[in-house]
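Some notes on the structure that comes next.
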There are 2 protein chains.
Amino acid sequence: MPPSRPSSLASVTVPQGFFAAGGTCGIKESGKPDLALIAADRPCSAAALFTTNQFKGAPVLVGMRHLDNQGYGSAQAIVCNSGNANVATLAKGGEQHAVDMCKAAAELVGCDPHEVLPASTGVIGRPLPIEGVLDGIRGLKPALGRGEKHDTAAAQGIMTTDLVEKCTLQSFEIDGKPCHLGGVGKGSGMIAPSMATMLIFFTTDVAIEPSVLHEALRRANAESFNRISVDSDTSTSDTVYLLANGAAGNARIEQPDGPAFDRFVDALTAACRDLAGQVVVDGEGATRIFEVHVKGLPSIEEADRIGRAVTNSPLVKTAIHGCDPNWGRLVMAAGKAGVELDPSNFMVSIQGVTVFANGSPTVTEPRPLAGLAKKMRTDRVRITLDAHHGPAEAVWLGCDLSRQYIAINADYTT
Amino acid sequence: MPPSRPSSLASVTVPQGFFAAGGTCGIKESGKPDLALIAADRPCSAAALFTTNQFKGAPVLVGMRHLDNQGYGSAQAIVCNSGNANVATLAKGGEQHAVDMCKAAAELVGCDPHEVLPASTGVIGRPLPIEGVLDGIRGLKPALGRGEKHDTAAAQGIMTTDLVEKCTLQSFEIDGKPCHLGGVGKGSGMIAPSMATMLIFFTTDVAIEPSVLHEALRRANAESFNRISVDSDTSTSDTVYLLANGAAGNARIEQPDGPAFDRFVDALTAACRDLAGQVVVDGEGATRIFEVHVKGLPSIEEADRIGRAVTNSPLVKTAIHGCDPNWGRLVMAAGKAGVELDPSNFMVSIQGVTVFANGSPTVTEPRPLAGLAKKMRTDRVRITLDAHHGPAEAVWLGCDLSRQYIAINADYTT
């Protein structure tokens, strides 16, 4: 299952008042695009989520500062290079390079450098060839525009080892006003010697307070990017940026509740899930993805712990790869999650077929298991785990573990 | 690096007053040994550690009960079959089968069935062919004896996918009395469709209170089995049993402190580390193991969190497999452990060569990195991570992630 390109790449410039561009700045020896700029026609409400890794890339540190270290504030543009992550370049002025990128973008957009949010992804540990990057940014001026061509250029400018571009678009109404939410993203694991970060950039024309925007992003993230696993590792550069310019003209959303807020959270969650799925499908070496529907837990936290343990388990991931309806590994992975479970009341189904219930396997004959294995030879396997012990549920998404993952990540020679 | 057989298998019957036997009971179609019995000449102080998985095998539940659910008490024998784990057989009387195994062993040894600790390892979900197992246990009477031949038979009787037998022997003095501690073990991951549990059985002639024995085992375990990772998964049957019959004649150790206790903990820790290393070397598909020396943390808990994150990281494991001196992945894995770190004060060395310090890589030229990669082409790679932020340290042990692991765990057809 090689990931397929989205049928349309229309995304970040569909919301009114946003412009995008992609280009090259000489980082990638292949000459492929390695620069992207997304800009708004006015200062926007901005919200962000950053990696929880203790080792943060220089652009993450600068982006955090530009949002006053509270994850939300005001911004008018996002600038990003690919091919070099500007990570672990403390001694080489990495943070200054991120600041300089913001300055160059600000001059082009006509805003304050603090109103620009930076990102970088690619090889780590090498100093950014900053002069080329700054020239590249300055050269983007004539490329800035609206329409699918520009969205595509931005989506391509942030790719590293991704096999295809990733984008999403949601259209909805608030107060009878047509609203749009577009996003581009990249990420497929963490590749040697670079760290293939997950970067997600959203634009929307909804009018909304920065702090409320941040709360919406936090909620949508909890049900999407927080519930995917490619290899359980966490990049030093993971970043989600969201700009909202208010051009749709809805009554400004000022509280994290009410119908308008809920509508926006729904659209944002759908957009996040869409991109999260695209990231997993493009997971390193992935040949198949699997959904884990965890049900019947006392709390969402417990459902999430089980979902995380199951999607991260190497034994589950290899079983999915081998189309093995191995309920034993699913039960083992759920059981090690640190959540109290009653084995005699636990249910496991694979592709809709119950394989474990009431403490014992329900299918022990070879023939039906072979039939179920055949049903698993598909792009997307569905697993349900029901603890019958409460109302909470969570849906996690993972990808299989293949020889190709080993090949990508081990067969690198310095 | 295929694991090599220990030069001597003398182990569980070296302590005075212990006997061992191995045999067959018809579970393994190959006809290989699938039964083991270890017995003492008198009731022993007994201590145990069991899997923390919520789904526990029937023998684990029975073993816990026989030690009054407090992990220590009195016992005189250990009985174990391999080839069938007696897990998830709730509806099929799995617990009764484990009790019946204890009864058969008790008749043979001449003790109460509650004085027998059971274990099973192998395929899960299938009912134990209990009649054959009981006949097999009864037939072990003439096989029970002392000496390396009997130790070997016991070590072989508990193997599943292990490539070699695993055993350890420590000799030491307490109160001027010669003391011995022997152990056999098995485990190499968790294999489809079975769960290849870690089982460890120790015998010692030291005189010691059960509760103090348990405390010693807890301490030794924290610095050994708790610090290894083959694939981050946790079996439903993991068990460590330890019998102490007091035949050495030392003054009975009645408190968890003092020179005699410390001496015993040292010997037990050495034995646990020895077997833990053997388990990792025999890890599924392992071609190379790596030690992670975590230093300079405020607490042991924080050092352990980092050690666990690094040894479990698929990206670190594949880098070790590919002899890639990838400090970026080590830094990433340490950074995601949920421990506060100062990147500008963090140090990473591989095979004694410092590759990252003060927030930046120290080696960026291809030639020395290629030289370091060559140094990694060995059976055991040493990594040091120093946070320079406190006195606590921990040494973890992991194995690489190879195509063979995928082959073992994915290429199973129902």
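Residues in the structure tokens are numbered from 1 in each chain, the chains being A, B, ... in the order shown, and ligands are numbered from 1 in the order shown.
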
- If you count only C-alpha atoms, which residues fall within 8 Å of Gly285 in chain B, apart from same-chain ones fewer than 6 positions away, as a VMD selection string? chain B and resid 401 to 405 408

Just the selected residues (C-alpha atoms), exported as a PDB file, in the first residue's frame, please.
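For reference, result25.pdb as written:
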ATOM      1  CA  LEU B 401      16.186  -4.652  16.068  1.00  0.00           C
ATOM      2  CA  SER B 402      16.808  -6.727  12.968  1.00  0.00           C
ATOM      3  CA  ARG B 403      14.940  -8.096   9.988  1.00  0.00           C
ATOM      4  CA  GLN B 404      15.116 -11.420  11.773  1.00  0.00           C
ATOM      5  CA  TYR B 405      12.874 -10.031  14.544  1.00  0.00           C
ATOM      6  CA  ILE B 408      10.219 -14.373  13.598  1.00  0.00           C
TER       7      ILE B 408
END

Closest atom pairs, residues of chain A within 6 Å of chain B, only C-alpha atoms, as CSV:
residue,atom,partner,partner_atom,distance
A:Asn53,CA,B:Lys336,CA,4.6
A:Gln54,CA,B:Gly335,CA,4.5
A:Phe55,CA,B:Gly335,CA,5.5
A:Ala88,CA,B:Ser360,CA,4.9
A:Thr89,CA,B:Ser360,CA,5.5
A:Leu90,CA,B:Gly359,CA,5.6
A:Thr318,CA,B:Ala410,CA,4.8
A:Ala319,CA,B:Ala410,CA,5.1
A:His321,CA,B:Ala410,CA,6.0
A:Gly322,CA,B:Ala410,CA,4.2
A:Gly335,CA,B:Gln54,CA,4.5
A:Lys336,CA,B:Asn53,CA,4.6
A:Pro343,CA,B:Phe55,CA,6.0
A:Gly359,CA,B:Leu90,CA,5.6
A:Ser360,CA,B:Ala88,CA,4.9
A:Ala370,CA,B:Thr414,CA,5.3
A:Arg403,CA,B:Arg403,CA,5.3
A:Asn409,CA,B:Thr318,CA,5.7
A:Ala410,CA,B:Gly322,CA,4.2
A:Asp411,CA,B:Gly322,CA,5.5
A:Thr414,CA,B:Ala370,CA,5.3

Name all residues at most 6 Å from Ala77 in chain B (count only C-alpha atoms; drop same-chain ones fewer than 3 positions away) and give them as a CSV table (one decimal) with C-alpha atoms, in the first residue's frame.
chain,number,residue,atom,x,y,z
B,38,ILE,CA,13.5,-28.5,41.2
B,39,ALA,CA,13.1,-29.7,44.8
B,116,VAL,CA,4.9,-26.3,45.3

- Task: Run DSSP on the backbone and give me the residues of range 125-279 of chain A it puts in alpha helix (DSSP H), as a PyMOL selection string.
- Result: chain A and resi 130-138+148-157+210-222+259-279

Selection from above, N, CA and C atoms, as a short mmCIF file (atom, residue, chain, number, x, y, z; two decimals), in the first residue's frame, can you write it?
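Dumped to again-v7.cif:
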data_model
loop_
_atom_site.label_atom_id
_atom_site.label_comp_id
_atom_site.auth_asym_id
_atom_site.auth_seq_id
_atom_site.Cartn_x
_atom_site.Cartn_y
_atom_site.Cartn_z
N ILE A 130 22.62 29.57 6.34
CA ILE A 130 21.63 30.63 6.56
C ILE A 130 21.55 31.64 5.42
N GLU A 131 22.68 31.97 4.80
CA GLU A 131 22.61 32.99 3.73
C GLU A 131 21.72 32.52 2.58
N GLY A 132 21.90 31.26 2.20
CA GLY A 132 21.06 30.70 1.13
C GLY A 132 19.60 30.68 1.53
N VAL A 133 19.34 30.33 2.79
CA VAL A 133 17.95 30.28 3.25
C VAL A 133 17.31 31.67 3.19
N LEU A 134 18.08 32.69 3.66
CA LEU A 134 17.52 34.05 3.66
C LEU A 134 17.29 34.54 2.23
N ASP A 135 18.24 34.27 1.34
CA ASP A 135 18.04 34.63 -0.06
C ASP A 135 16.80 33.95 -0.61
N GLY A 136 16.66 32.68 -0.25
CA GLY A 136 15.50 31.91 -0.72
C GLY A 136 14.19 32.53 -0.25
N ILE A 137 14.16 32.91 1.01
CA ILE A 137 12.93 33.50 1.55
C ILE A 137 12.61 34.81 0.81
N ARG A 138 13.64 35.65 0.64
CA ARG A 138 13.43 36.93 -0.04
C ARG A 138 12.92 36.70 -1.46
N GLU A 148 -4.64 26.34 -5.68
CA GLU A 148 -4.08 25.02 -5.43
C GLU A 148 -2.60 24.92 -5.78
N LYS A 149 -2.17 25.64 -6.81
CA LYS A 149 -0.77 25.61 -7.21
C LYS A 149 0.11 26.09 -6.05
N HIS A 150 -0.35 27.12 -5.35
CA HIS A 150 0.43 27.68 -4.25
C HIS A 150 0.37 26.77 -3.01
N ASP A 151 -0.81 26.18 -2.78
CA ASP A 151 -0.92 25.23 -1.67
C ASP A 151 0.03 24.05 -1.89
N THR A 152 0.06 23.57 -3.13
CA THR A 152 0.93 22.44 -3.46
C THR A 152 2.39 22.80 -3.24
N ALA A 153 2.76 24.00 -3.65
CA ALA A 153 4.15 24.43 -3.48
C ALA A 153 4.54 24.48 -2.01
N ALA A 154 3.62 24.96 -1.17
CA ALA A 154 3.90 25.01 0.27
C ALA A 154 4.01 23.60 0.84
N ALA A 155 3.08 22.70 0.43
CA ALA A 155 3.09 21.32 0.93
C ALA A 155 4.39 20.62 0.54
N GLN A 156 4.89 20.91 -0.66
CA GLN A 156 6.12 20.26 -1.13
C GLN A 156 7.36 20.85 -0.48
N GLY A 157 7.29 22.13 -0.14
CA GLY A 157 8.46 22.79 0.44
C GLY A 157 8.82 22.30 1.83
N PRO A 210 -7.31 34.24 20.53
CA PRO A 210 -6.13 33.34 20.55
C PRO A 210 -6.22 32.24 21.61
N SER A 211 -6.62 32.59 22.83
CA SER A 211 -6.63 31.57 23.89
C SER A 211 -7.69 30.51 23.61
N VAL A 212 -8.80 30.92 22.98
CA VAL A 212 -9.86 29.96 22.65
C VAL A 212 -9.41 29.09 21.48
N LEU A 213 -8.67 29.69 20.55
CA LEU A 213 -8.09 28.95 19.43
C LEU A 213 -7.16 27.85 19.94
N HIS A 214 -6.38 28.21 20.95
CA HIS A 214 -5.44 27.26 21.53
C HIS A 214 -6.17 26.10 22.20
N GLU A 215 -7.25 26.43 22.90
CA GLU A 215 -8.04 25.37 23.54
C GLU A 215 -8.65 24.44 22.50
N ALA A 216 -9.13 25.02 21.40
CA ALA A 216 -9.69 24.19 20.32
C ALA A 216 -8.62 23.26 19.76
N LEU A 217 -7.41 23.81 19.56
CA LEU A 217 -6.32 23.01 19.00
C LEU A 217 -5.91 21.90 19.96
N ARG A 218 -5.89 22.23 21.25
CA ARG A 218 -5.55 21.25 22.26
C ARG A 218 -6.55 20.07 22.23
N ARG A 219 -7.84 20.40 22.12
CA ARG A 219 -8.86 19.34 22.11
C ARG A 219 -8.78 18.49 20.85
N ALA A 220 -8.61 19.15 19.70
CA ALA A 220 -8.55 18.40 18.44
C ALA A 220 -7.31 17.51 18.41
N ASN A 221 -6.21 18.02 18.92
CA ASN A 221 -4.96 17.26 18.95
C ASN A 221 -5.09 16.01 19.80
N ALA A 222 -5.80 16.14 20.94
CA ALA A 222 -5.94 15.00 21.84
C ALA A 222 -6.63 13.83 21.17
N PRO A 259 -22.24 26.79 20.57
CA PRO A 259 -22.35 26.11 19.27
C PRO A 259 -21.24 26.49 18.29
N ALA A 260 -20.86 27.78 18.23
CA ALA A 260 -19.84 28.19 17.26
C ALA A 260 -18.50 27.54 17.61
N PHE A 261 -18.16 27.57 18.89
CA PHE A 261 -16.91 26.93 19.30
C PHE A 261 -16.95 25.44 18.99
N ASP A 262 -18.07 24.79 19.33
CA ASP A 262 -18.17 23.35 19.08
C ASP A 262 -18.04 23.04 17.59
N ARG A 263 -18.67 23.86 16.77
CA ARG A 263 -18.60 23.65 15.32
C ARG A 263 -17.15 23.75 14.85
N PHE A 264 -16.44 24.74 15.38
CA PHE A 264 -15.04 24.92 14.97
C PHE A 264 -14.19 23.75 15.46
N VAL A 265 -14.41 23.32 16.69
CA VAL A 265 -13.63 22.18 17.21
C VAL A 265 -13.89 20.95 16.36
N ASP A 266 -15.15 20.74 15.97
CA ASP A 266 -15.46 19.58 15.12
C ASP A 266 -14.68 19.64 13.81
N ALA A 267 -14.68 20.82 13.17
CA ALA A 267 -13.98 20.95 11.89
C ALA A 267 -12.47 20.76 12.08
N LEU A 268 -11.95 21.33 13.17
CA LEU A 268 -10.51 21.23 13.42
C LEU A 268 -10.12 19.79 13.74
N THR A 269 -10.99 19.10 14.50
CA THR A 269 -10.71 17.69 14.83
C THR A 269 -10.72 16.85 13.56
N ALA A 270 -11.70 17.11 12.68
CA ALA A 270 -11.75 16.36 11.42
C ALA A 270 -10.49 16.61 10.59
N ALA A 271 -10.04 17.86 10.56
CA ALA A 271 -8.83 18.20 9.81
C ALA A 271 -7.60 17.51 10.41
N CYS A 272 -7.52 17.53 11.74
CA CYS A 272 -6.38 16.90 12.42
C CYS A 272 -6.38 15.39 12.17
N ARG A 273 -7.57 14.77 12.26
CA ARG A 273 -7.65 13.32 12.03
C ARG A 273 -7.27 12.98 10.60
N ASP A 274 -7.70 13.83 9.68
CA ASP A 274 -7.38 13.60 8.28
C ASP A 274 -5.87 13.60 8.08
N LEU A 275 -5.21 14.62 8.59
CA LEU A 275 -3.74 14.70 8.42
C LEU A 275 -3.04 13.61 9.23
N ALA A 276 -3.56 13.30 10.43
CA ALA A 276 -2.95 12.25 11.25
C ALA A 276 -2.97 10.92 10.49
N GLY A 277 -4.10 10.63 9.84
CA GLY A 277 -4.20 9.40 9.04
C GLY A 277 -3.20 9.40 7.90
N GLN A 278 -3.02 10.56 7.25
CA GLN A 278 -2.07 10.65 6.14
C GLN A 278 -0.63 10.42 6.62
N VAL A 279 -0.33 10.91 7.83
CA VAL A 279 1.02 10.71 8.37
C VAL A 279 1.26 9.22 8.64
#

- Write out as a ChimeraX atom specification which residues come within 6 Å of Leu181 in chain A when counting only C-alpha atoms, dropping same-chain ones fewer than 4 positions away. /A:169-170,203-204

- Just list the residues in range 59-150 of chain B DSSP gives strand (DSSP E) on the backbone, as a list of chain:residue names. B:Tyr72, B:Gly73, B:Ser74, B:Ala75, B:Gln76, B:Ala77, B:Ile78, B:Val79, B:Cys80, B:Asn81, B:Ser82, B:Gly83, B:Asn84, B:Val116, B:Leu117, B:Pro118, B:Ala119, B:Ser120, B:Thr121, B:Gly122, B:Val123

Requested write-out: N, CA and C atoms of the selected residues, as an mmCIF file, in the first residue's frame:
data_model
loop_
_atom_site.group_PDB
_atom_site.id
_atom_site.type_symbol
_atom_site.label_atom_id
_atom_site.label_comp_id
_atom_site.auth_asym_id
_atom_site.auth_seq_id
_atom_site.Cartn_x
_atom_site.Cartn_y
_atom_site.Cartn_z
ATOM 1 N N TYR B 72 6.023 -13.932 49.194
ATOM 2 C CA TYR B 72 6.995 -14.760 49.923
ATOM 3 C C TYR B 72 6.266 -15.660 50.906
ATOM 4 N N GLY B 73 6.984 -16.696 51.359
ATOM 5 C CA GLY B 73 6.376 -17.659 52.269
ATOM 6 C C GLY B 73 7.240 -18.910 52.332
ATOM 7 N N SER B 74 6.591 -20.056 52.304
ATOM 8 C CA SER B 74 7.319 -21.314 52.399
ATOM 9 C C SER B 74 7.014 -22.177 51.180
ATOM 10 N N ALA B 75 8.036 -22.856 50.669
ATOM 11 C CA ALA B 75 7.833 -23.767 49.530
ATOM 12 C C ALA B 75 8.984 -24.759 49.501
ATOM 13 N N GLN B 76 8.758 -25.888 48.817
ATOM 14 C CA GLN B 76 9.809 -26.912 48.779
ATOM 15 C C GLN B 76 10.149 -27.334 47.351
ATOM 16 N N ALA B 77 9.344 -26.909 46.380
ATOM 17 C CA ALA B 77 9.615 -27.344 45.001
ATOM 18 C C ALA B 77 9.050 -26.359 43.986
ATOM 19 N N ILE B 78 9.612 -26.442 42.770
ATOM 20 C CA ILE B 78 9.140 -25.671 41.612
ATOM 21 C C ILE B 78 8.884 -26.669 40.498
ATOM 22 N N VAL B 79 7.697 -26.610 39.898
ATOM 23 C CA VAL B 79 7.401 -27.499 38.772
ATOM 24 C C VAL B 79 7.014 -26.643 37.574
ATOM 25 N N CYS B 80 7.515 -27.011 36.411
ATOM 26 C CA CYS B 80 7.306 -26.179 35.220
ATOM 27 C C CYS B 80 7.219 -27.032 33.968
ATOM 28 N N ASN B 81 6.228 -26.701 33.118
ATOM 29 C CA ASN B 81 6.223 -27.305 31.776
ATOM 30 C C ASN B 81 6.489 -26.233 30.732
ATOM 31 N N SER B 82 7.016 -26.641 29.606
ATOM 32 C CA SER B 82 7.186 -25.719 28.487
ATOM 33 C C SER B 82 6.402 -26.244 27.288
ATOM 34 N N GLY B 83 6.143 -25.341 26.328
ATOM 35 C CA GLY B 83 5.385 -25.744 25.140
ATOM 36 C C GLY B 83 3.926 -25.332 25.199
ATOM 37 N N ASN B 84 3.424 -25.090 26.393
ATOM 38 C CA ASN B 84 2.033 -24.632 26.573
ATOM 39 C C ASN B 84 1.999 -23.743 27.811
ATOM 40 N N VAL B 116 4.387 -26.190 46.632
ATOM 41 C CA VAL B 116 4.940 -26.285 45.273
ATOM 42 C C VAL B 116 4.552 -25.027 44.492
ATOM 43 N N LEU B 117 5.532 -24.468 43.761
ATOM 44 C CA LEU B 117 5.298 -23.267 42.950
ATOM 45 C C LEU B 117 5.283 -23.666 41.478
ATOM 46 N N PRO B 118 4.189 -23.389 40.753
ATOM 47 C CA PRO B 118 4.066 -23.840 39.367
ATOM 48 C C PRO B 118 4.420 -22.757 38.343
ATOM 49 N N ALA B 119 4.778 -23.198 37.160
ATOM 50 C CA ALA B 119 5.011 -22.277 36.037
ATOM 51 C C ALA B 119 4.771 -23.028 34.737
ATOM 52 N N SER B 120 4.361 -22.279 33.720
ATOM 53 C CA SER B 120 4.157 -22.860 32.389
ATOM 54 C C SER B 120 4.563 -21.817 31.364
ATOM 55 N N THR B 121 5.092 -22.253 30.235
ATOM 56 C CA THR B 121 5.493 -21.309 29.183
ATOM 57 C C THR B 121 5.345 -21.971 27.834
ATOM 58 N N GLY B 122 4.896 -21.189 26.871
ATOM 59 C CA GLY B 122 4.746 -21.732 25.526
ATOM 60 C C GLY B 122 3.529 -21.157 24.847
ATOM 61 N N VAL B 123 2.897 -21.951 24.001
ATOM 62 C CA VAL B 123 1.714 -21.518 23.256
ATOM 63 C C VAL B 123 0.614 -21.116 24.229
#

- Message: Set the distance at 7 Å and use only C-alpha atoms: which residues neighbour Lys177 in chain A once local chain neighbours fewer than 2 positions away are removed? I'd like the list as JSON, numbers by chain.
- Response: {"A": [173, 174, 175, 179, 248, 249, 250]}

Residues of the last selection are to be written out with N, CA and C atoms, as a PDB file, in the first residue's frame.
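Output (out00.pdb):
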ATOM      1  N   GLU A 173     -20.047  26.250   8.276  1.00  0.00           N
ATOM      2  CA  GLU A 173     -20.666  27.564   8.482  1.00  0.00           C
ATOM      3  C   GLU A 173     -20.693  27.918   9.957  1.00  0.00           C
ATOM      4  N   ILE A 174     -20.430  29.159  10.261  1.00  0.00           N
ATOM      5  CA  ILE A 174     -20.634  29.663  11.625  1.00  0.00           C
ATOM      6  C   ILE A 174     -21.411  30.967  11.489  1.00  0.00           C
ATOM      7  N   ASP A 175     -22.505  31.109  12.220  1.00  0.00           N
ATOM      8  CA  ASP A 175     -23.378  32.289  12.104  1.00  0.00           C
ATOM      9  C   ASP A 175     -23.836  32.499  10.663  1.00  0.00           C
ATOM     10  N   CYS A 179     -17.152  29.316   6.280  1.00  0.00           N
ATOM     11  CA  CYS A 179     -15.806  29.317   6.887  1.00  0.00           C
ATOM     12  C   CYS A 179     -14.980  28.188   6.281  1.00  0.00           C
ATOM     13  N   ALA A 248     -13.741  35.517   7.739  1.00  0.00           N
ATOM     14  CA  ALA A 248     -15.081  34.977   7.456  1.00  0.00           C
ATOM     15  C   ALA A 248     -16.176  35.887   7.985  1.00  0.00           C
ATOM     16  N   GLY A 249     -15.850  36.713   8.971  1.00  0.00           N
ATOM     17  CA  GLY A 249     -16.826  37.682   9.456  1.00  0.00           C
ATOM     18  C   GLY A 249     -17.843  37.149  10.445  1.00  0.00           C
ATOM     19  N   ASN A 250     -17.578  35.983  11.013  1.00  0.00           N
ATOM     20  CA  ASN A 250     -18.478  35.472  12.063  1.00  0.00           C
ATOM     21  C   ASN A 250     -18.278  36.275  13.341  1.00  0.00           C
TER      22      ASN A 250
END

- Proximity to Thr311 in chain B - best of B:Ala244, B:Val355, B:Ile228, B:Ala46, only C-alpha atoms: B:Ile228

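Separating CA of Pro6 in chain B from CA of Gly187 in chain B is a distance of 15.2 Å.
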
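Residue neighbourhood of Thr168 in chain B, excluding near-sequence residues (fewer than 6 positions): B:Ser11, B:Gly182, B:Gly183, B:Ala271, at 6 Å, using only C-alpha atoms.
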
Expected file: the selected residues, N, CA and C atoms, as a tab-separated table (two decimals), in the first residue's frame:
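Generated output (out-v8.tsv):
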chain	number	residue	atom	x	y	z
B	11	SER	N	24.38	-25.45	38.33
B	11	SER	CA	23.61	-24.30	38.81
B	11	SER	C	22.71	-24.65	39.99
B	182	GLY	N	22.32	-20.79	42.83
B	182	GLY	CA	22.27	-21.26	41.45
B	182	GLY	C	20.96	-20.85	40.81
B	183	GLY	N	20.97	-20.74	39.49
B	183	GLY	CA	19.72	-20.36	38.81
B	183	GLY	C	19.68	-20.88	37.39
B	271	ALA	N	23.89	-12.70	40.10
B	271	ALA	CA	23.22	-13.82	39.44
B	271	ALA	C	22.11	-13.31	38.51

Near Leu144 in chain A, within 9 Å and counting only C-alpha atoms, which residues show up once chain neighbours fewer than 3 positions away are dropped, as an mmCIF file with N, CA and C atoms, in the first residue's frame?
data_model
loop_
_atom_site.group_PDB
_atom_site.id
_atom_site.type_symbol
_atom_site.label_atom_id
_atom_site.label_comp_id
_atom_site.auth_asym_id
_atom_site.auth_seq_id
_atom_site.Cartn_x
_atom_site.Cartn_y
_atom_site.Cartn_z
ATOM 1 N N PHE A 19 -2.132 33.491 1.788
ATOM 2 C CA PHE A 19 -1.268 33.321 0.622
ATOM 3 C C PHE A 19 -0.199 32.286 0.949
ATOM 4 N N ALA A 20 0.266 31.606 -0.063
ATOM 5 C CA ALA A 20 1.303 30.601 0.172
ATOM 6 C C ALA A 20 2.301 30.579 -0.970
ATOM 7 N N ALA A 21 3.498 30.064 -0.629
ATOM 8 C CA ALA A 21 4.538 29.920 -1.647
ATOM 9 C C ALA A 21 5.477 28.796 -1.238
ATOM 10 N N GLY A 22 6.089 28.188 -2.225
ATOM 11 C CA GLY A 22 7.153 27.215 -1.979
ATOM 12 C C GLY A 22 8.313 27.564 -2.870
ATOM 13 N N LEU A 37 6.355 29.252 2.661
ATOM 14 C CA LEU A 37 5.899 30.429 3.391
ATOM 15 C C LEU A 37 4.377 30.482 3.310
ATOM 16 N N ILE A 38 3.756 30.695 4.449
ATOM 17 C CA ILE A 38 2.300 30.886 4.490
ATOM 18 C C ILE A 38 2.066 32.229 5.180
ATOM 19 N N ALA A 39 1.290 33.109 4.565
ATOM 20 C CA ALA A 39 1.115 34.454 5.129
ATOM 21 C C ALA A 39 -0.339 34.883 5.052
ATOM 22 N N LEU A 140 10.917 34.530 -2.435
ATOM 23 C CA LEU A 140 9.565 33.966 -2.504
ATOM 24 C C LEU A 140 8.496 35.009 -2.830
ATOM 25 N N LYS A 141 8.854 36.287 -2.750
ATOM 26 C CA LYS A 141 7.848 37.350 -2.914
ATOM 27 C C LYS A 141 6.975 37.150 -4.160
ATOM 28 N N HIS A 150 -0.350 27.121 -5.350
ATOM 29 C CA HIS A 150 0.435 27.676 -4.251
ATOM 30 C C HIS A 150 0.371 26.772 -3.014
#

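The two atoms in question, CA of Leu128 in chain A and CA of Glu107 in chain A, are spaced 20.2 Å apart.
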